[in-house]
Amino acid sequence: MLECVLIDLNVTKNTNVNELIDNHMPFIIKSISDVTRRYVSCENDEELSVGLLGFHEAIERYDNEKGHFLSFAKLVIGSRIKNYLKGENKHNHSSLEELLDKGLEIKDEYLEQKEDNSILVEEINRLKTEISSFGFTLEDLVDEAPKQQATRKNAISLSEEISKDEEFTSFMYVKKRLPIKRIVLKFSVTEKVIKRSKKFIISVVIIIDKNLSALKNWIRK
Amino acid sequence: MNKGMIMEVNRTYAIALNDEGLMDKIKSKQNMEVGQKIFYFEDDIVKTTKSKAHRYNKFIKSFGSIAALFLLVFTFFNTMKYEQAYAVVSLDINPSIQIEADSNQQIIKVEGVNTDGKNIDFSDIKEVSLDDGIQKIKEKLIEKNYLDTNKEVLVGFAFTENGDNSAYEDNLKDAIQSTFNTEKVTYVKGDKEGVDEAKTKGISLGRYEASLVADEETKNKIDEAPVKDITSSIKDKDNVSQWSAVVDEKVVDEKVVDEKAKNNNVSANNTNPQGKTETPVTERPTVNVPTEKADSNTNTNTNTNTNTNTNTNTNTNTENNGILDLTPEVPEQSGEKNASTSTPSNDNSINVVPNNGSVDNNTTSGKIQEDSNKISQEPAKTEETLVNKDTKK
């Protein structure tokens, strides 16, 4: 029961089910991912709702004799997911409705509407070809993009400034590099910042300038 | 937990752009496609090496280690190959020399067996073919004047692995006969055990093999007996085993030829070019016999040999007077083929070889002398071949 769960998890007594689920979302997703050996998709994934149902069931069936709640919940989620995968083709009813029936609410960030991926894929490919003309790949971006969130935010806002300036973008596309000296003068940033994350800045400028909206939305979020 | 958009899918990893604008390399899992939005965790992130230089280093390292491995393996195999002698040839003139060769007829090692042999430096004869090596050895022997007094060569030959390679053996015989064409060659074939035994006794293979068939007296002092004694000793033996029969026949035959040569020399008054040209003639019949091993064959062959001899003698003598060293090799080949008709044509073709400026020198004198040669030779020869047949029967 919920009370037993709250005792076992050592949280305050007036937490309701939805808050509990919300706090344990990563745990639920991880449990699902471990069973399916796939990444859990964010977009209205049946697996995610089945996992949530499993978590809800675990809460209802739990008592303190059954050991730790999380290991118990993981077992229940795992077996529900397995059942779902087995009978996936048999019944196509939405488990999301079932969730709503039980009074469970899921935050929107876990339930994005499934949209057409073709535009996104096209944008990704355009970005790839653009940056490859600048002589680097996505893999280089993985290595060289600024790791700190603050520096990354700085770089993104700087990129936005740059992309507004026609002079800079045209220079960048022709010379295939950033006009570092002039950027330093105009935006009064240190040369070091630009040099360290120049590949990241270039790609963000491309995304904004070429109006790759889907990607832009993703970054800005 | 992160939310990411898959940007690129590779075989071993995928690149995801998370909602903070950071790219991450994550493990590749099933059902991934570009543009998919997923949840991923810290332990899905693949830790990549920081810089390209490091990757490059790794590459260099692995390449280097592979290269080193190859080097090790190949040197290992090479040394293995180097150690392995396929055949052993021993030469006894006075210095006893032992040659080890591999299966490609390349000389691996040449060493002296007795003190005279050890005094000669053979270190430069290595990784050359048997033909060239034996030729070089002969040059060394001539240089040290060993061949002036000893005109007999005892050749011992054996394969170190008990296999038999007749092509290899024939090739060696050719090499020996073409090289020691001015000496009397006695050829003994042994086997692997012979090589080992000879080594433990500290004598050459040829001497050891000879000691097996020689009489008691020679056997007792086999390590120091002169080659001439050994050859005469095993010649006397009427041995029945196949290879020794070959040796015996050969010895007898050589004797015949020797006497012929003597006759020739006497009649030719020992003029220098004459002497040189006669010796190849003496060699020719000896070539014929070892190649055919069956007794019946050799009997008939000796008959044909007498024919070929008379033919070749008349032919080659006229030609040979002019040509000096080169001729012996060609007549041998023709002799092996037993084609007496081919010899004149061969000799003619040899005659064209512009090697000797001295071609003109002796033509007239040679011709005159040859007639007498022919006459004096023929009766002697037939007698000898008769003797030859008798001993065989």
# chains A, B, ... in the order shown; residues from 1 in each chain; ligands from 1
>>> interface_residues(of="chain B", to="chain A", cutoff="12 Å", atoms="only C-alpha atoms", output="PyMOL selection string")
chain B and resi 1-10+13-52
>>> write_last_selection(atoms="C-alpha atoms", output="PDB file, in the first residue's frame")
ATOM      1  CA  MET B   1      18.416  10.980 -16.928  1.00  0.00           C
ATOM      2  CA  ASN B   2      18.602  12.923 -20.121  1.00  0.00           C
ATOM      3  CA  LYS B   3      16.275  13.499 -22.964  1.00  0.00           C
ATOM      4  CA  GLY B   4      17.972  13.373 -26.292  1.00  0.00           C
ATOM      5  CA  MET B   5      17.414  13.476 -29.985  1.00  0.00           C
ATOM      6  CA  ILE B   6      19.332  10.928 -31.970  1.00  0.00           C
ATOM      7  CA  MET B   7      21.448  12.682 -34.555  1.00  0.00           C
ATOM      8  CA  GLU B   8      23.517   9.886 -35.938  1.00  0.00           C
ATOM      9  CA  VAL B   9      23.477   6.104 -35.596  1.00  0.00           C
ATOM     10  CA  ASN B  10      26.639   4.097 -36.025  1.00  0.00           C
ATOM     11  CA  TYR B  13      27.469   4.109 -30.876  1.00  0.00           C
ATOM     12  CA  ALA B  14      24.959   6.827 -31.568  1.00  0.00           C
ATOM     13  CA  ILE B  15      25.164  10.573 -31.142  1.00  0.00           C
ATOM     14  CA  ALA B  16      22.341  12.212 -29.285  1.00  0.00           C
ATOM     15  CA  LEU B  17      21.677  15.888 -28.837  1.00  0.00           C
ATOM     16  CA  ASN B  18      20.153  16.421 -25.439  1.00  0.00           C
ATOM     17  CA  ASP B  19      17.723  19.142 -24.613  1.00  0.00           C
ATOM     18  CA  GLU B  20      20.452  21.317 -23.167  1.00  0.00           C
ATOM     19  CA  GLY B  21      22.225  21.544 -26.484  1.00  0.00           C
ATOM     20  CA  LEU B  22      24.940  19.111 -25.559  1.00  0.00           C
ATOM     21  CA  MET B  23      25.952  16.272 -27.780  1.00  0.00           C
ATOM     22  CA  ASP B  24      26.500  12.898 -26.228  1.00  0.00           C
ATOM     23  CA  LYS B  25      27.810   9.686 -27.572  1.00  0.00           C
ATOM     24  CA  ILE B  26      25.602   6.874 -26.362  1.00  0.00           C
ATOM     25  CA  LYS B  27      25.602   3.134 -26.663  1.00  0.00           C
ATOM     26  CA  SER B  28      23.914   1.722 -29.682  1.00  0.00           C
ATOM     27  CA  LYS B  29      20.787  -0.250 -28.920  1.00  0.00           C
ATOM     28  CA  GLN B  30      18.087  -1.868 -30.977  1.00  0.00           C
ATOM     29  CA  ASN B  31      15.486   0.093 -32.934  1.00  0.00           C
ATOM     30  CA  MET B  32      17.308   3.378 -33.009  1.00  0.00           C
ATOM     31  CA  GLU B  33      16.663   5.837 -35.759  1.00  0.00           C
ATOM     32  CA  VAL B  34      17.761   9.342 -36.540  1.00  0.00           C
ATOM     33  CA  GLY B  35      15.348  11.953 -35.204  1.00  0.00           C
ATOM     34  CA  GLN B  36      13.999   9.692 -32.487  1.00  0.00           C
ATOM     35  CA  LYS B  37      13.632  11.344 -29.094  1.00  0.00           C
ATOM     36  CA  ILE B  38      14.643   9.115 -26.254  1.00  0.00           C
ATOM     37  CA  PHE B  39      15.481   8.963 -22.594  1.00  0.00           C
ATOM     38  CA  TYR B  40      19.011   7.964 -21.814  1.00  0.00           C
ATOM     39  CA  PHE B  41      21.063   7.639 -18.683  1.00  0.00           C
ATOM     40  CA  GLU B  42      24.569   8.433 -17.581  1.00  0.00           C
ATOM     41  CA  ASP B  43      25.674   4.846 -17.963  1.00  0.00           C
ATOM     42  CA  ASP B  44      24.565   4.864 -21.604  1.00  0.00           C
ATOM     43  CA  ILE B  45      27.067   7.577 -22.421  1.00  0.00           C
ATOM     44  CA  VAL B  46      30.172   6.286 -24.136  1.00  0.00           C
ATOM     45  CA  LYS B  47      33.267   7.853 -22.709  1.00  0.00           C
ATOM     46  CA  THR B  48      35.343   8.944 -25.643  1.00  0.00           C
ATOM     47  CA  THR B  49      39.009   9.669 -25.662  1.00  0.00           C
ATOM     48  CA  LYS B  50      39.540  13.365 -25.464  1.00  0.00           C
ATOM     49  CA  SER B  51      41.714  14.239 -28.394  1.00  0.00           C
ATOM     50  CA  LYS B  52      42.530  12.992 -31.820  1.00  0.00           C
TER      51      LYS B  52
END
>>> select_by_dssp(residues="stretch 20-236 of chain B", states="alpha helix (DSSP H)", output="ChimeraX atom specification")
/B:52-83,115-118,130-143,146-149,166-179,192-201,205-213,216-220,227-236
>>> write_last_selection(atoms="C-alpha atoms", output="mmCIF file, in the first residue's frame")
data_model
loop_
_atom_site.group_PDB
_atom_site.id
_atom_site.type_symbol
_atom_site.label_atom_id
_atom_site.label_comp_id
_atom_site.auth_asym_id
_atom_site.auth_seq_id
_atom_site.Cartn_x
_atom_site.Cartn_y
_atom_site.Cartn_z
ATOM 1 C CA LYS B 52 42.530 12.992 -31.820
ATOM 2 C CA ALA B 53 46.197 12.867 -30.927
ATOM 3 C CA HIS B 54 45.412 10.219 -28.398
ATOM 4 C CA ARG B 55 43.516 8.181 -30.946
ATOM 5 C CA TYR B 56 46.438 8.560 -33.303
ATOM 6 C CA ASN B 57 48.786 7.356 -30.589
ATOM 7 C CA LYS B 58 46.637 4.338 -30.055
ATOM 8 C CA PHE B 59 46.759 3.580 -33.740
ATOM 9 C CA ILE B 60 50.531 3.929 -33.810
ATOM 10 C CA LYS B 61 50.816 1.699 -30.789
ATOM 11 C CA SER B 62 48.695 -1.075 -32.223
ATOM 12 C CA PHE B 63 50.415 -0.804 -35.566
ATOM 13 C CA GLY B 64 53.784 -0.942 -33.890
ATOM 14 C CA SER B 65 52.918 -3.959 -31.836
ATOM 15 C CA ILE B 66 51.585 -5.769 -34.877
ATOM 16 C CA ALA B 67 54.747 -4.957 -36.788
ATOM 17 C CA ALA B 68 56.863 -6.181 -33.894
ATOM 18 C CA LEU B 69 54.851 -9.365 -33.759
ATOM 19 C CA PHE B 70 55.399 -9.977 -37.452
ATOM 20 C CA LEU B 71 59.074 -9.299 -37.043
ATOM 21 C CA LEU B 72 59.302 -11.802 -34.215
ATOM 22 C CA VAL B 73 57.385 -14.469 -36.056
ATOM 23 C CA PHE B 74 59.313 -14.081 -39.276
ATOM 24 C CA THR B 75 62.728 -14.023 -37.681
ATOM 25 C CA PHE B 76 61.712 -17.100 -35.760
ATOM 26 C CA PHE B 77 60.688 -18.910 -38.918
ATOM 27 C CA ASN B 78 63.758 -17.741 -40.748
ATOM 28 C CA THR B 79 66.098 -19.076 -38.131
ATOM 29 C CA MET B 80 64.178 -22.332 -38.128
ATOM 30 C CA LYS B 81 64.582 -22.575 -41.868
ATOM 31 C CA TYR B 82 68.213 -21.638 -41.586
ATOM 32 C CA GLU B 83 68.979 -24.466 -39.193
ATOM 33 C CA THR B 115 92.570 -30.145 -40.357
ATOM 34 C CA ASP B 116 93.313 -29.265 -43.946
ATOM 35 C CA GLY B 117 89.702 -28.549 -44.544
ATOM 36 C CA LYS B 118 89.383 -26.409 -41.439
ATOM 37 C CA LEU B 130 75.026 -25.723 -54.932
ATOM 38 C CA ASP B 131 76.417 -25.345 -58.452
ATOM 39 C CA ASP B 132 78.049 -22.032 -57.726
ATOM 40 C CA GLY B 133 79.156 -23.093 -54.274
ATOM 41 C CA ILE B 134 80.943 -26.175 -55.498
ATOM 42 C CA GLN B 135 82.530 -24.154 -58.246
ATOM 43 C CA LYS B 136 83.760 -21.666 -55.657
ATOM 44 C CA ILE B 137 85.103 -24.444 -53.469
ATOM 45 C CA LYS B 138 87.021 -25.824 -56.374
ATOM 46 C CA GLU B 139 88.516 -22.428 -57.076
ATOM 47 C CA LYS B 140 89.651 -22.226 -53.484
ATOM 48 C CA LEU B 141 91.195 -25.680 -53.692
ATOM 49 C CA ILE B 142 93.033 -24.804 -56.864
ATOM 50 C CA GLU B 143 94.254 -21.659 -55.179
ATOM 51 C CA TYR B 146 95.292 -29.194 -53.404
ATOM 52 C CA LEU B 147 94.130 -30.330 -56.799
ATOM 53 C CA ASP B 148 97.620 -30.459 -58.282
ATOM 54 C CA THR B 149 98.558 -33.633 -56.533
ATOM 55 C CA SER B 166 66.104 -38.035 -57.380
ATOM 56 C CA ALA B 167 65.827 -34.757 -59.244
ATOM 57 C CA TYR B 168 67.773 -33.079 -56.491
ATOM 58 C CA GLU B 169 70.390 -35.797 -56.556
ATOM 59 C CA ASP B 170 70.752 -35.709 -60.324
ATOM 60 C CA ASN B 171 71.153 -31.995 -60.187
ATOM 61 C CA LEU B 172 73.924 -32.340 -57.648
ATOM 62 C CA LYS B 173 75.633 -34.992 -59.732
ATOM 63 C CA ASP B 174 75.578 -32.679 -62.693
ATOM 64 C CA ALA B 175 77.069 -29.936 -60.592
ATOM 65 C CA ILE B 176 79.825 -32.182 -59.293
ATOM 66 C CA GLN B 177 80.660 -33.601 -62.663
ATOM 67 C CA SER B 178 80.713 -30.295 -64.424
ATOM 68 C CA THR B 179 82.881 -28.792 -61.712
ATOM 69 C CA LYS B 192 70.565 -39.763 -42.607
ATOM 70 C CA GLU B 193 72.162 -42.197 -40.184
ATOM 71 C CA GLY B 194 75.375 -41.982 -42.171
ATOM 72 C CA VAL B 195 75.461 -38.229 -41.689
ATOM 73 C CA ASP B 196 75.072 -38.564 -37.937
ATOM 74 C CA GLU B 197 77.559 -41.403 -37.655
ATOM 75 C CA ALA B 198 80.135 -39.550 -39.704
ATOM 76 C CA LYS B 199 79.683 -36.533 -37.505
ATOM 77 C CA THR B 200 80.238 -38.481 -34.306
ATOM 78 C CA LYS B 201 83.311 -40.133 -35.763
ATOM 79 C CA LEU B 205 80.250 -38.499 -44.951
ATOM 80 C CA GLY B 206 82.015 -39.851 -48.029
ATOM 81 C CA ARG B 207 84.692 -41.547 -45.969
ATOM 82 C CA TYR B 208 82.180 -43.000 -43.592
ATOM 83 C CA GLU B 209 80.063 -44.451 -46.345
ATOM 84 C CA ALA B 210 83.155 -45.803 -48.027
ATOM 85 C CA SER B 211 84.239 -47.447 -44.797
ATOM 86 C CA LEU B 212 81.031 -49.439 -44.740
ATOM 87 C CA VAL B 213 81.958 -51.269 -47.910
ATOM 88 C CA GLU B 216 89.219 -54.209 -43.084
ATOM 89 C CA GLU B 217 92.516 -52.550 -43.709
ATOM 90 C CA THR B 218 91.074 -49.426 -45.170
ATOM 91 C CA LYS B 219 88.297 -49.365 -42.662
ATOM 92 C CA ASN B 220 90.674 -49.212 -39.742
ATOM 93 C CA VAL B 227 91.356 -40.758 -51.059
ATOM 94 C CA LYS B 228 93.061 -42.781 -53.744
ATOM 95 C CA ASP B 229 93.349 -45.767 -51.428
ATOM 96 C CA ILE B 230 89.746 -45.523 -50.399
ATOM 97 C CA THR B 231 88.433 -45.354 -53.897
ATOM 98 C CA SER B 232 90.570 -48.223 -55.039
ATOM 99 C CA SER B 233 89.495 -50.175 -51.998
ATOM 100 C CA ILE B 234 85.815 -49.791 -52.615
ATOM 101 C CA LYS B 235 86.329 -50.279 -56.286
ATOM 102 C CA ASP B 236 87.705 -53.757 -55.610
#
>>> residues_around(residues="A:Phe134", least_positions_apart="4", cutoff="9 Å", atoms="only C-alpha atoms", output="list of chain:residue names")
A:Thr129, A:Glu130, A:Tyr173, A:Lys176, A:Arg177, A:Lys199, A:Ile202
>>> atom_distance(atom1="atom CA of B:Lys151", atom2="atom CA of B:Glu127")
28.1 Å
>>> atom_distance(atom1="atom CA of B:Lys126", atom2="atom CA of B:Ser96")
17.8 Å
>>> closest_residue(among="A:Asp165, A:Glu46, A:Tyr62, A:Ile180", to="A:Tyr84", atoms="only C-alpha atoms")
A:Glu46
